[in-house]
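Novice: TSV, C-alpha atoms (C1' of nucleotides), saved as entry.tsv, coming up:
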```tsv
chain	number	residue	atom	x	y	z
A	1	MET	CA	-14.21	-2.59	0.34
A	2	ALA	CA	-17.01	-0.08	0.19
A	3	THR	CA	-15.49	2.17	2.84
A	4	PRO	CA	-11.86	1.45	3.51
A	5	SER	CA	-11.10	1.71	7.19
A	6	ALA	CA	-8.80	4.35	8.58
A	7	LEU	CA	-6.26	1.61	9.08
A	8	ASP	CA	-6.47	0.62	5.45
A	9	ARG	CA	-5.91	4.18	4.38
A	10	THR	CA	-2.99	4.56	6.75
A	11	LEU	CA	-1.36	1.41	5.43
A	12	ALA	CA	-1.98	2.41	1.84
A	13	ALA	CA	-0.42	5.79	2.51
A	14	LEU	CA	2.65	4.23	4.10
A	15	ALA	CA	2.99	1.56	1.43
A	16	ASP	CA	4.37	4.01	-1.12
A	17	PRO	CA	8.17	4.25	-0.83
A	18	THR	CA	8.15	7.97	-1.47
A	19	ARG	CA	5.60	8.65	1.24
A	20	ARG	CA	7.36	6.37	3.68
A	21	GLY	CA	10.56	8.23	2.88
A	22	VAL	CA	8.81	11.51	3.59
A	23	VAL	CA	7.72	10.19	6.97
A	24	ASP	CA	11.25	9.07	7.73
A	25	ARG	CA	12.55	12.47	6.75
A	26	LEU	CA	9.99	14.32	8.83
A	27	ARG	CA	11.24	12.38	11.82
A	28	GLN	CA	14.26	14.67	11.84
A	29	ARG	CA	12.37	17.94	11.54
A	30	PRO	CA	9.45	19.55	9.74
A	31	HIS	CA	10.06	20.35	6.09
A	32	PRO	CA	8.60	22.73	3.51
A	33	ALA	CA	6.86	21.04	0.56
A	34	GLY	CA	9.41	22.29	-1.92
A	35	GLU	CA	12.28	20.96	0.10
A	36	LEU	CA	10.65	17.53	0.12
A	37	ALA	CA	10.07	17.60	-3.63
A	38	ALA	CA	13.72	18.44	-4.18
A	39	ALA	CA	14.92	15.84	-1.69
A	40	PHE	CA	13.09	13.10	-3.56
A	41	ASP	CA	13.98	14.43	-7.00
A	42	MET	CA	10.37	14.84	-7.91
A	43	SER	CA	8.21	17.54	-9.46
A	44	PRO	CA	6.33	19.77	-7.00
A	45	PRO	CA	2.92	18.56	-8.20
A	46	ALA	CA	3.84	14.95	-7.60
A	47	MET	CA	5.04	15.68	-4.09
A	48	SER	CA	2.00	17.81	-3.45
A	49	ARG	CA	-0.23	14.84	-4.18
A	50	HIS	CA	1.76	12.59	-1.88
A	51	LEU	CA	1.49	15.16	0.86
A	52	ARG	CA	-2.24	15.38	0.31
A	53	VAL	CA	-2.55	11.63	0.80
A	54	LEU	CA	-0.52	11.80	3.99
A	55	ARG	CA	-2.58	14.75	5.16
A	56	GLN	CA	-5.90	13.03	4.46
A	57	THR	CA	-4.90	10.07	6.59
A	58	GLY	CA	-3.76	12.38	9.35
A	59	LEU	CA	-0.16	11.23	9.17
A	60	VAL	CA	1.11	14.75	8.61
A	61	GLU	CA	-0.17	18.24	9.16
A	62	GLU	CA	0.33	21.37	7.12
A	63	ARG	CA	1.24	24.75	8.51
A	64	ILE	CA	1.92	28.07	6.92
A	65	ASP	CA	5.46	29.23	7.50
A	66	ALA	CA	5.62	32.14	9.92
A	67	ASP	CA	8.15	34.05	7.87
A	68	ASP	CA	6.83	33.38	4.37
A	69	ALA	CA	3.17	32.59	3.91
A	70	ARG	CA	3.87	30.99	0.55
A	71	VAL	CA	5.73	28.15	2.21
A	72	ARG	CA	3.79	25.13	3.60
A	73	VAL	CA	5.64	23.35	6.36
A	74	TYR	CA	4.77	19.69	6.97
A	75	SER	CA	5.25	17.77	10.20
A	76	LEU	CA	4.24	14.41	11.65
A	77	ARG	CA	1.09	13.65	13.61
A	78	PRO	CA	1.02	10.81	16.14
A	79	GLU	CA	-2.54	9.48	16.02
A	80	PRO	CA	-2.46	7.24	12.94
A	81	PHE	CA	0.84	5.72	13.99
A	82	ALA	CA	-0.60	4.89	17.39
A	83	ALA	CA	-3.66	3.33	15.76
A	84	LEU	CA	-1.49	1.24	13.47
A	85	ARG	CA	0.61	0.09	16.39
A	86	GLY	CA	-2.56	-0.85	18.24
A	87	TRP	CA	-3.62	-3.11	15.42
A	88	LEU	CA	-0.12	-4.55	15.13
A	89	GLU	CA	-0.01	-5.45	18.79
A	90	GLU	CA	-3.40	-7.04	18.47
A	91	VAL	CA	-2.12	-9.21	15.64
A	92	GLU	CA	1.03	-10.02	17.54
A	93	SER	CA	-1.02	-11.19	20.48
A	94	PHE	CA	-1.54	-14.22	18.27
A	95	TRP	CA	1.90	-15.37	19.41
A	96	SER	CA	2.15	-13.91	22.85
A	97	ASP	CA	-1.03	-15.69	23.84
A	98	GLN	CA	0.39	-19.18	24.17
A	99	LEU	CA	-2.87	-20.94	24.84
A	100	GLY	CA	-4.65	-19.43	21.90
A	101	ALA	CA	-1.78	-20.17	19.57
A	102	PHE	CA	-1.59	-23.76	20.71
A	103	LYS	CA	-5.31	-24.28	20.46
A	104	ALA	CA	-5.43	-22.91	16.96
A	105	HIS	CA	-2.52	-24.99	15.88
A	106	ALA	CA	-3.78	-28.18	17.44
A	107	GLU	CA	-7.18	-27.67	15.94
A	108	ARG	CA	-5.74	-27.82	12.47
A	109	THR	CA	-3.08	-30.45	12.76
A	110	ARG	CA	-4.92	-32.88	15.02
A	111	GLY	CA	-1.96	-34.65	16.50
A	112	THR	CA	0.08	-35.09	13.36
A	113	LYS	CA	3.53	-33.67	13.53
A	114	PRO	CA	4.17	-30.46	11.62
A	115	SER	CA	7.47	-31.25	9.95
A	116	GLY	CA	9.52	-29.56	7.29
A	117	GLY	CA	8.23	-26.33	5.96
A	118	ARG	CA	8.07	-25.56	2.34
A	119	LYS	CA	9.19	-22.49	0.55
A	120	SER	CA	7.67	-20.73	-2.42
B	121	MET	CA	13.55	2.49	-5.07
B	122	ALA	CA	14.45	-0.04	-7.71
B	123	THR	CA	14.65	-2.62	-4.93
B	124	PRO	CA	11.82	-1.99	-2.49
B	125	SER	CA	12.82	-2.74	1.06
B	126	ALA	CA	11.25	-5.57	3.01
B	127	LEU	CA	9.32	-2.96	4.94
B	128	ASP	CA	7.92	-1.48	1.76
B	129	ARG	CA	6.79	-4.89	0.59
B	130	THR	CA	5.25	-5.65	3.96
B	131	LEU	CA	3.32	-2.41	3.96
B	132	ALA	CA	2.24	-2.87	0.36
B	133	ALA	CA	1.00	-6.35	1.21
B	134	LEU	CA	-0.97	-5.08	4.20
B	135	ALA	CA	-2.35	-2.07	2.37
B	136	ASP	CA	-4.87	-4.15	0.44
B	137	PRO	CA	-8.13	-4.53	2.38
B	138	THR	CA	-8.55	-8.13	1.32
B	139	ARG	CA	-5.09	-9.12	2.44
B	140	ARG	CA	-5.45	-7.26	5.71
B	141	GLY	CA	-8.75	-9.06	6.19
B	142	VAL	CA	-7.01	-12.35	5.58
B	143	VAL	CA	-4.46	-11.50	8.25
B	144	ASP	CA	-7.23	-10.60	10.67
B	145	ARG	CA	-8.99	-13.84	9.93
B	146	LEU	CA	-5.83	-15.92	10.34
B	147	ARG	CA	-5.52	-14.44	13.81
B	148	GLN	CA	-8.30	-16.75	14.89
B	149	ARG	CA	-6.91	-19.91	13.34
B	150	PRO	CA	-5.18	-21.17	10.20
B	151	HIS	CA	-7.40	-21.48	7.15
B	152	PRO	CA	-7.38	-23.43	3.89
B	153	ALA	CA	-7.09	-21.32	0.76
B	154	GLY	CA	-10.53	-22.23	-0.47
B	155	GLU	CA	-12.10	-21.28	2.81
B	156	LEU	CA	-10.50	-17.85	2.56
B	157	ALA	CA	-11.68	-17.38	-1.01
B	158	ALA	CA	-15.21	-18.20	0.05
B	159	ALA	CA	-15.04	-16.02	3.13
B	160	PHE	CA	-14.13	-12.99	1.02
B	161	ASP	CA	-16.54	-13.87	-1.78
B	162	MET	CA	-13.76	-14.07	-4.26
B	163	SER	CA	-12.64	-16.49	-6.98
B	164	PRO	CA	-9.95	-18.98	-5.98
B	165	PRO	CA	-7.41	-17.52	-8.43
B	166	ALA	CA	-7.80	-14.05	-6.94
B	167	MET	CA	-7.30	-15.31	-3.41
B	168	SER	CA	-4.40	-17.44	-4.55
B	169	ARG	CA	-2.62	-14.35	-5.80
B	170	HIS	CA	-3.25	-12.48	-2.55
B	171	LEU	CA	-1.87	-15.42	-0.62
B	172	ARG	CA	1.18	-15.49	-2.83
B	173	VAL	CA	1.86	-11.83	-2.03
B	174	LEU	CA	1.47	-12.49	1.67
B	175	ARG	CA	3.71	-15.52	1.38
B	176	GLN	CA	6.42	-13.67	-0.51
B	177	THR	CA	6.63	-11.07	2.22
B	178	GLY	CA	6.75	-13.78	4.85
B	179	LEU	CA	3.51	-12.67	6.48
B	180	VAL	CA	1.95	-16.10	6.08
B	181	GLU	CA	3.18	-19.60	5.51
B	182	GLU	CA	1.67	-22.43	3.51
B	183	ARG	CA	1.36	-26.00	4.70
B	184	ILE	CA	-0.15	-29.09	3.17
B	185	ASP	CA	-3.08	-30.38	5.12
B	186	ALA	CA	-2.30	-33.59	6.92
B	187	ASP	CA	-5.58	-35.25	5.96
B	188	ASP	CA	-5.93	-34.05	2.38
B	189	ALA	CA	-2.82	-33.12	0.46
B	190	ARG	CA	-4.84	-31.05	-1.99
B	191	VAL	CA	-5.64	-28.51	0.70
B	192	ARG	CA	-3.16	-25.71	1.47
B	193	VAL	CA	-3.48	-24.38	4.98
B	194	TYR	CA	-2.27	-20.85	5.62
B	195	SER	CA	-1.14	-19.41	8.93
B	196	LEU	CA	0.57	-16.27	10.20
B	197	ARG	CA	4.30	-15.73	10.59
B	198	PRO	CA	5.61	-13.30	13.18
B	199	GLU	CA	8.80	-11.86	11.66
B	200	PRO	CA	7.42	-9.20	9.28
B	201	PHE	CA	5.04	-7.93	11.94
B	202	ALA	CA	7.90	-7.55	14.37
B	203	ALA	CA	9.94	-5.69	11.77
B	204	LEU	CA	7.04	-3.35	11.04
B	205	ARG	CA	6.56	-2.71	14.72
B	206	GLY	CA	10.25	-1.93	15.02
B	207	TRP	CA	10.00	0.75	12.39
B	208	LEU	CA	6.80	2.06	13.89
B	209	GLU	CA	8.35	2.42	17.30
B	210	GLU	CA	11.27	4.20	15.74
B	211	VAL	CA	8.94	6.70	14.18
B	212	GLU	CA	7.00	7.07	17.40
B	213	SER	CA	10.19	7.84	19.25
B	214	PHE	CA	9.74	11.21	17.57
B	215	TRP	CA	7.20	11.95	20.28
B	216	SER	CA	8.36	9.85	23.20
B	217	ASP	CA	11.82	11.34	22.99
B	218	GLN	CA	11.44	14.52	24.99
B	219	LEU	CA	14.39	16.31	23.42
B	220	GLY	CA	13.23	15.48	19.94
B	221	ALA	CA	9.72	16.54	20.77
B	222	PHE	CA	10.95	19.81	22.17
B	223	LYS	CA	13.15	20.43	19.18
B	224	ALA	CA	10.27	19.75	16.83
B	225	HIS	CA	8.00	22.03	18.78
B	226	ALA	CA	10.58	24.78	18.83
B	227	GLU	CA	11.05	24.51	15.08
B	228	ARG	CA	7.35	24.68	14.49
B	229	THR	CA	6.77	27.71	16.65
B	230	ARG	CA	9.72	29.60	15.25
B	231	GLY	CA	9.47	28.63	11.60
B	232	THR	CA	12.08	26.61	9.77
B	233	LYS	CA	14.23	29.28	8.23
B	234	PRO	CA	17.39	29.86	10.23
B	235	SER	CA	18.03	32.97	8.17
B	236	GLY	CA	17.66	35.48	10.93
B	237	GLY	CA	14.13	36.59	10.17
B	238	ARG	CA	12.08	36.36	13.33
B	239	LYS	CA	8.36	35.95	13.44
B	240	SER	CA	7.31	38.99	15.42
C	241	DT	C1'	-8.68	-45.98	-14.81
C	242	DT	C1'	-11.80	-42.39	-14.77
C	243	DA	C1'	-14.12	-38.65	-12.63
C	244	DA	C1'	-14.21	-35.07	-9.27
C	245	DT	C1'	-11.92	-31.67	-6.16
C	246	DC	C1'	-8.41	-28.17	-4.47
C	247	DA	C1'	-5.38	-24.78	-5.69
C	248	DT	C1'	-2.38	-22.98	-8.65
C	249	DT	C1'	-0.69	-20.48	-13.03
C	250	DC	C1'	-2.00	-18.39	-17.56
C	251	DA	C1'	-4.20	-14.99	-20.58
C	252	DC	C1'	-6.78	-11.07	-20.66
C	253	DC	C1'	-9.35	-6.68	-19.24
C	254	DC	C1'	-9.87	-2.63	-16.63
C	255	DT	C1'	-9.72	0.51	-13.00
C	256	DG	C1'	-6.74	3.33	-10.17
C	257	DA	C1'	-2.35	5.28	-8.74
C	258	DC	C1'	1.74	7.88	-9.94
C	259	DG	C1'	4.30	10.93	-12.89
C	260	DT	C1'	4.63	14.79	-16.15
C	261	DT	C1'	3.59	19.70	-18.07
C	262	DA	C1'	0.54	23.72	-18.02
C	263	DA	C1'	-2.39	26.89	-15.71
C	264	DC	C1'	-3.91	29.01	-11.47
C	265	DG	C1'	-4.16	31.40	-6.78
C	266	DA	C1'	-1.59	33.35	-3.13
C	267	DG	C1'	2.28	35.94	-1.25
C	268	DT	C1'	6.60	38.57	-1.51
C	269	DC	C1'	9.51	42.20	-3.22
C	270	DT	C1'	10.94	46.26	-5.77
D	271	DA	C1'	1.36	48.27	-10.10
D	272	DG	C1'	4.24	44.34	-12.10
D	273	DA	C1'	7.51	40.49	-11.84
D	274	DC	C1'	8.87	36.59	-9.39
D	275	DT	C1'	8.33	32.49	-6.21
D	276	DC	C1'	5.86	28.67	-3.70
D	277	DG	C1'	2.54	25.31	-3.87
D	278	DT	C1'	-1.61	23.83	-5.45
D	279	DT	C1'	-5.17	21.90	-8.85
D	280	DA	C1'	-6.25	20.45	-13.81
D	281	DA	C1'	-5.59	17.53	-17.79
D	282	DC	C1'	-3.36	13.78	-19.70
D	283	DG	C1'	-0.41	9.43	-20.51
D	284	DT	C1'	1.44	5.31	-18.62
D	285	DC	C1'	1.81	1.23	-16.01
D	286	DA	C1'	1.22	-1.99	-12.13
D	287	DG	C1'	-2.42	-4.29	-9.31
D	288	DG	C1'	-6.40	-6.81	-8.92
D	289	DG	C1'	-10.45	-9.18	-10.96
D	290	DT	C1'	-12.34	-12.97	-14.05
D	291	DG	C1'	-12.56	-17.48	-16.70
D	292	DA	C1'	-9.92	-21.30	-18.83
D	293	DA	C1'	-6.27	-24.52	-18.53
D	294	DT	C1'	-2.81	-27.24	-15.69
D	295	DG	C1'	-1.01	-30.21	-11.89
D	296	DA	C1'	-1.74	-32.84	-7.92
D	297	DT	C1'	-4.63	-35.67	-4.98
D	298	DT	C1'	-8.63	-38.16	-3.68
D	299	DA	C1'	-12.73	-41.06	-4.53
D	300	DA	C1'	-15.58	-44.19	-7.50
```
Can you present the structure in this file as structure tokens?

Specialist:
Amino acid sequence: MATPSALDRTLAALADPTRRGVVDRLRQRPHPAGELAAAFDMSPPAMSRHLRVLRQTGLVEERIDADDARVRVYSLRPEPFAALRGWLEEVESFWSDQLGAFKAHAERTRGTKPSGGRKS
Amino acid sequence: MATPSALDRTLAALADPTRRGVVDRLRQRPHPAGELAAAFDMSPPAMSRHLRVLRQTGLVEERIDADDARVRVYSLRPEPFAALRGWLEEVESFWSDQLGAFKAHAERTRGTKPSGGRKS
DNA sequence: TTAATCATTCACCCTGACGTTAACGAGTCT
DNA sequence: AGACTCGTTAACGTCAGGGTGAATGATTAA
């Protein structure tokens, strides 16, 4: 865990409910920082830190409002989402690749029948 | 956020580098718990807790080895990955949807305040 | 039965993440 | 200039998450 990968940082950023909510909200339109803080009933400093995390992973970008330079407008950036989807599809190939899935399964069970699952 | 959504729990589970590494490793084939602990140079209790988290989010499933009932074999489950991909594609529709993309671009180039003030 | 093995849960510590208030820099307005 | 606003960073407290070692339960081997 010396240097967390970009994917790790993306996932960590999206794991927080507040930050995921911010992403969902930015899907509609860009928002000023203050508006986001108010929308999530949170102090401006707290939201500022969340936005910094999202910014550092490249999930959002910051712009200065054209009409009022005090206002920072945040909007989504596509790259990290695309990277995450790339990894996801790689993982999901585990199932779409029938041969590989069967081989892996057979290797472990060696002809015995996999019956009833167990729950936690 | 008293009750984190399934998506939040999935993302939280995948945010940890160890757990994401476990997922990556399980892509090759199912693994016994002890093998995973050794592979990540980690005590069995630590790995056991990671596996519990993954299990509780449905990302992996536990089975008793057919040859030795002491061994718990872990393998991937598809559902949470599909759900995550669903959300991801929803977010990415922000860009693939031409109208939405245009709207977002227009907002960004004009500023977000509809209060009459024009940029230049 | 007794000893050894696999994996879990239990008890504890400790770092890191998130939230708050206060102070600061930057920009707007009169 | 001075007062006000937006958003940030700074300092601090709190709490969950993740690590360890010891104890427990289940299974296998002698």

Novice: Please provide as a VMD selection string all residues within 8 Å of stretch 245-252 of chain C, with the sequence filter that same-chain residues fewer than 5 positions apart are discarded (counting all atoms listed in the file).

Specialist: (chain B and resid 153 to 154 164 to 165 168 190 to 192) or (chain D and resid 293 to 294 298)

Novice: Would you list the contacts of A:Ala83 as a list in words, taking every protein, DNA or RNA residue within 10 Å and counting all atoms listed in the file, but skipping same-chain residues closer than 6 positions in sequence?

Specialist: Ala6, Leu7, Thr10 and Glu89 of chain A

Novice: Give the residues of chain D that lie within 12 Å of chain A; count all atoms listed in the file, and format the answer as a PDB file with C-alpha atoms (C1' of nucleotides), in the frame of the given file.

Specialist:
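Saved file result_21.pdb follows:
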```pdb
ATOM      1  C1'  DT D 275       8.330  32.490  -6.210  1.00  0.00           C
ATOM      2  C1'  DC D 276       5.860  28.670  -3.700  1.00  0.00           C
ATOM      3  C1'  DG D 277       2.540  25.310  -3.870  1.00  0.00           C
ATOM      4  C1'  DT D 278      -1.610  23.830  -5.450  1.00  0.00           C
ATOM      5  C1'  DT D 279      -5.170  21.900  -8.850  1.00  0.00           C
ATOM      6  C1'  DA D 280      -6.250  20.450 -13.810  1.00  0.00           C
TER       7       DA D 280
END
```

Novice: Taking only C-alpha atoms (C1' of nucleotides) into account, find every residue of chain C that has an atom no more than 12 Å from chain A, and write it out as a ChimeraX atom specification.

Specialist: /C:257-262,265-269

Novice: So which residues are close to (5.6, 6.2, 6.8), meaning at most 9 Å away in the file's coordinates with only C-alpha atoms (C1' of nucleotides) counted, and can you show them as a PDB file with C-alpha atoms, in the frame of the given file?

Specialist:
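Full text of out-v2.pdb as output:
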```pdb
ATOM      1  CA  THR A  10      -2.990   4.560   6.750  1.00  0.00           C
ATOM      2  CA  LEU A  11      -1.360   1.410   5.430  1.00  0.00           C
ATOM      3  CA  ALA A  13      -0.420   5.790   2.510  1.00  0.00           C
ATOM      4  CA  LEU A  14       2.650   4.230   4.100  1.00  0.00           C
ATOM      5  CA  ALA A  15       2.990   1.560   1.430  1.00  0.00           C
ATOM      6  CA  ASP A  16       4.370   4.010  -1.120  1.00  0.00           C
ATOM      7  CA  PRO A  17       8.170   4.250  -0.830  1.00  0.00           C
ATOM      8  CA  THR A  18       8.150   7.970  -1.470  1.00  0.00           C
ATOM      9  CA  ARG A  19       5.600   8.650   1.240  1.00  0.00           C
ATOM     10  CA  ARG A  20       7.360   6.370   3.680  1.00  0.00           C
ATOM     11  CA  GLY A  21      10.560   8.230   2.880  1.00  0.00           C
ATOM     12  CA  VAL A  22       8.810  11.510   3.590  1.00  0.00           C
ATOM     13  CA  VAL A  23       7.720  10.190   6.970  1.00  0.00           C
ATOM     14  CA  ASP A  24      11.250   9.070   7.730  1.00  0.00           C
ATOM     15  CA  LEU A  54      -0.520  11.800   3.990  1.00  0.00           C
ATOM     16  CA  LEU A  59      -0.160  11.230   9.170  1.00  0.00           C
ATOM     17  CA  PHE A  81       0.840   5.720  13.990  1.00  0.00           C
TER      18      PHE A  81
ATOM     19  CA  TRP B 207      10.000   0.750  12.390  1.00  0.00           C
ATOM     20  CA  LEU B 208       6.800   2.060  13.890  1.00  0.00           C
ATOM     21  CA  VAL B 211       8.940   6.700  14.180  1.00  0.00           C
TER      22      VAL B 211
END
```

Novice: Residues near C:DT270, anyone? I mean within 12 Å using only C-alpha atoms (C1' of nucleotides), not counting same-chain ones fewer than 4 positions away, as a ChimeraX atom specification.

Specialist: /D:271-274

Novice: Between atom C1' of C:DA263 and atom C1' of D:DC285, what is the distance, to one decimal in Å?

Specialist: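 Between these atoms lies a distance of 26.0 Å.
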
Novice: Grab all the atoms of stretch 199-212 of chain B that the file lists, wrap them in a box along x, y and z, add 8 Å per side, and give me centre plus edge lengths in Å (one decimal) as AutoDock Vina command-line options.

Specialist:
```
--center_x 8.2 --center_y -2.4 --center_z 13.3 --size_x 22.2 --size_y 34.9 --size_z 24.1
```

Novice: Rank nothing, just name the residue among A:Glu61, A:Glu92, A:Glu35, A:Asp41 nearest to chain B, using only C-alpha atoms.

Specialist: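 Ranking A:Glu61, A:Glu92, A:Glu35, A:Asp41 by distance to chain B, first place goes to A:Glu92.
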
Novice: May I ask for the distance between atom CA of B:Leu146 and atom CA of B:Ala186, given in Å to one decimal place?

Specialist: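 Answer for the atom CA of B:Leu146 to atom CA of B:Ala186 separation: 18.3 Å.
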
Novice: Could you please determine the separation between atom C1' of D:DT290 and atom C1' of C:DC253 in Å, to one decimal place?

Specialist: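 Atom-to-atom, atom C1' of D:DT290 to atom C1' of C:DC253, that is 8.7 Å.
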
Novice: Since the input lacks atoms, please generate all heavy atoms for stretch 80-88 of chain A and provide them as an mmCIF file, keeping the file's coordinate frame.

Specialist:
```cif
data_model
loop_
_atom_site.group_PDB
_atom_site.id
_atom_site.type_symbol
_atom_site.label_atom_id
_atom_site.label_comp_id
_atom_site.auth_asym_id
_atom_site.auth_seq_id
_atom_site.Cartn_x
_atom_site.Cartn_y
_atom_site.Cartn_z
ATOM 1 N N PRO A 80 -2.364 8.432 13.795
ATOM 2 C CA PRO A 80 -2.460 7.240 12.940
ATOM 3 C C PRO A 80 -1.382 6.200 13.238
ATOM 4 O O PRO A 80 -1.643 4.996 13.130
ATOM 5 C CB PRO A 80 -2.261 7.801 11.527
ATOM 6 C CG PRO A 80 -2.576 9.247 11.637
ATOM 7 C CD PRO A 80 -2.153 9.655 13.005
ATOM 8 N N PHE A 81 -0.217 6.669 13.640
ATOM 9 C CA PHE A 81 0.840 5.720 13.990
ATOM 10 C C PHE A 81 0.433 4.911 15.212
ATOM 11 O O PHE A 81 0.638 3.698 15.271
ATOM 12 C CB PHE A 81 2.153 6.464 14.253
ATOM 13 C CG PHE A 81 2.720 7.130 13.037
ATOM 14 C CD1 PHE A 81 2.551 8.488 12.824
ATOM 15 C CD2 PHE A 81 3.411 6.390 12.097
ATOM 16 C CE1 PHE A 81 3.069 9.101 11.703
ATOM 17 C CE2 PHE A 81 3.936 7.003 10.972
ATOM 18 C CZ PHE A 81 3.760 8.363 10.766
ATOM 19 N N ALA A 82 -0.154 5.594 16.179
ATOM 20 C CA ALA A 82 -0.600 4.890 17.390
ATOM 21 C C ALA A 82 -1.678 3.861 17.035
ATOM 22 O O ALA A 82 -1.660 2.735 17.532
ATOM 23 C CB ALA A 82 -1.128 5.896 18.406
ATOM 24 N N ALA A 83 -2.592 4.256 16.150
ATOM 25 C CA ALA A 83 -3.660 3.330 15.760
ATOM 26 C C ALA A 83 -3.068 2.102 15.063
ATOM 27 O O ALA A 83 -3.476 0.960 15.326
ATOM 28 C CB ALA A 83 -4.649 4.037 14.839
ATOM 29 N N LEU A 84 -2.117 2.352 14.183
ATOM 30 C CA LEU A 84 -1.490 1.240 13.470
ATOM 31 C C LEU A 84 -0.773 0.322 14.458
ATOM 32 O O LEU A 84 -0.852 -0.905 14.358
ATOM 33 C CB LEU A 84 -0.503 1.789 12.437
ATOM 34 C CG LEU A 84 0.340 0.750 11.696
ATOM 35 C CD1 LEU A 84 -0.551 -0.308 11.056
ATOM 36 C CD2 LEU A 84 1.206 1.422 10.637
ATOM 37 N N ARG A 85 -0.095 0.918 15.418
ATOM 38 C CA ARG A 85 0.610 0.090 16.390
ATOM 39 C C ARG A 85 -0.386 -0.710 17.228
ATOM 40 O O ARG A 85 -0.121 -1.857 17.597
ATOM 41 C CB ARG A 85 1.466 0.959 17.302
ATOM 42 C CG ARG A 85 2.458 0.145 18.108
ATOM 43 C CD ARG A 85 3.587 0.992 18.613
ATOM 44 N NE ARG A 85 3.135 1.995 19.554
ATOM 45 C CZ ARG A 85 3.198 1.860 20.880
ATOM 46 N NH1 ARG A 85 3.683 0.747 21.390
ATOM 47 N NH2 ARG A 85 2.781 2.810 21.655
ATOM 48 N N GLY A 86 -1.534 -0.113 17.518
ATOM 49 C CA GLY A 86 -2.560 -0.850 18.240
ATOM 50 C C GLY A 86 -2.983 -2.096 17.501
ATOM 51 O O GLY A 86 -3.062 -3.182 18.078
ATOM 52 N N TRP A 87 -3.233 -1.944 16.215
ATOM 53 C CA TRP A 87 -3.620 -3.110 15.420
ATOM 54 C C TRP A 87 -2.490 -4.131 15.393
ATOM 55 O O TRP A 87 -2.721 -5.339 15.561
ATOM 56 C CB TRP A 87 -3.967 -2.674 14.001
ATOM 57 C CG TRP A 87 -4.261 -3.829 13.086
ATOM 58 C CD1 TRP A 87 -5.393 -4.588 13.052
ATOM 59 C CD2 TRP A 87 -3.383 -4.385 12.097
ATOM 60 N NE1 TRP A 87 -5.281 -5.563 12.092
ATOM 61 C CE2 TRP A 87 -4.064 -5.462 11.492
ATOM 62 C CE3 TRP A 87 -2.107 -4.058 11.653
ATOM 63 C CZ2 TRP A 87 -3.499 -6.223 10.474
ATOM 64 C CZ3 TRP A 87 -1.541 -4.814 10.640
ATOM 65 C CH2 TRP A 87 -2.235 -5.892 10.057
ATOM 66 N N LEU A 88 -1.271 -3.652 15.194
ATOM 67 C CA LEU A 88 -0.120 -4.550 15.130
ATOM 68 C C LEU A 88 0.004 -5.379 16.394
ATOM 69 O O LEU A 88 0.231 -6.592 16.347
ATOM 70 C CB LEU A 88 1.147 -3.715 14.951
ATOM 71 C CG LEU A 88 1.883 -3.838 13.628
ATOM 72 C CD1 LEU A 88 3.181 -3.078 13.678
ATOM 73 C CD2 LEU A 88 2.140 -5.301 13.328
#
```
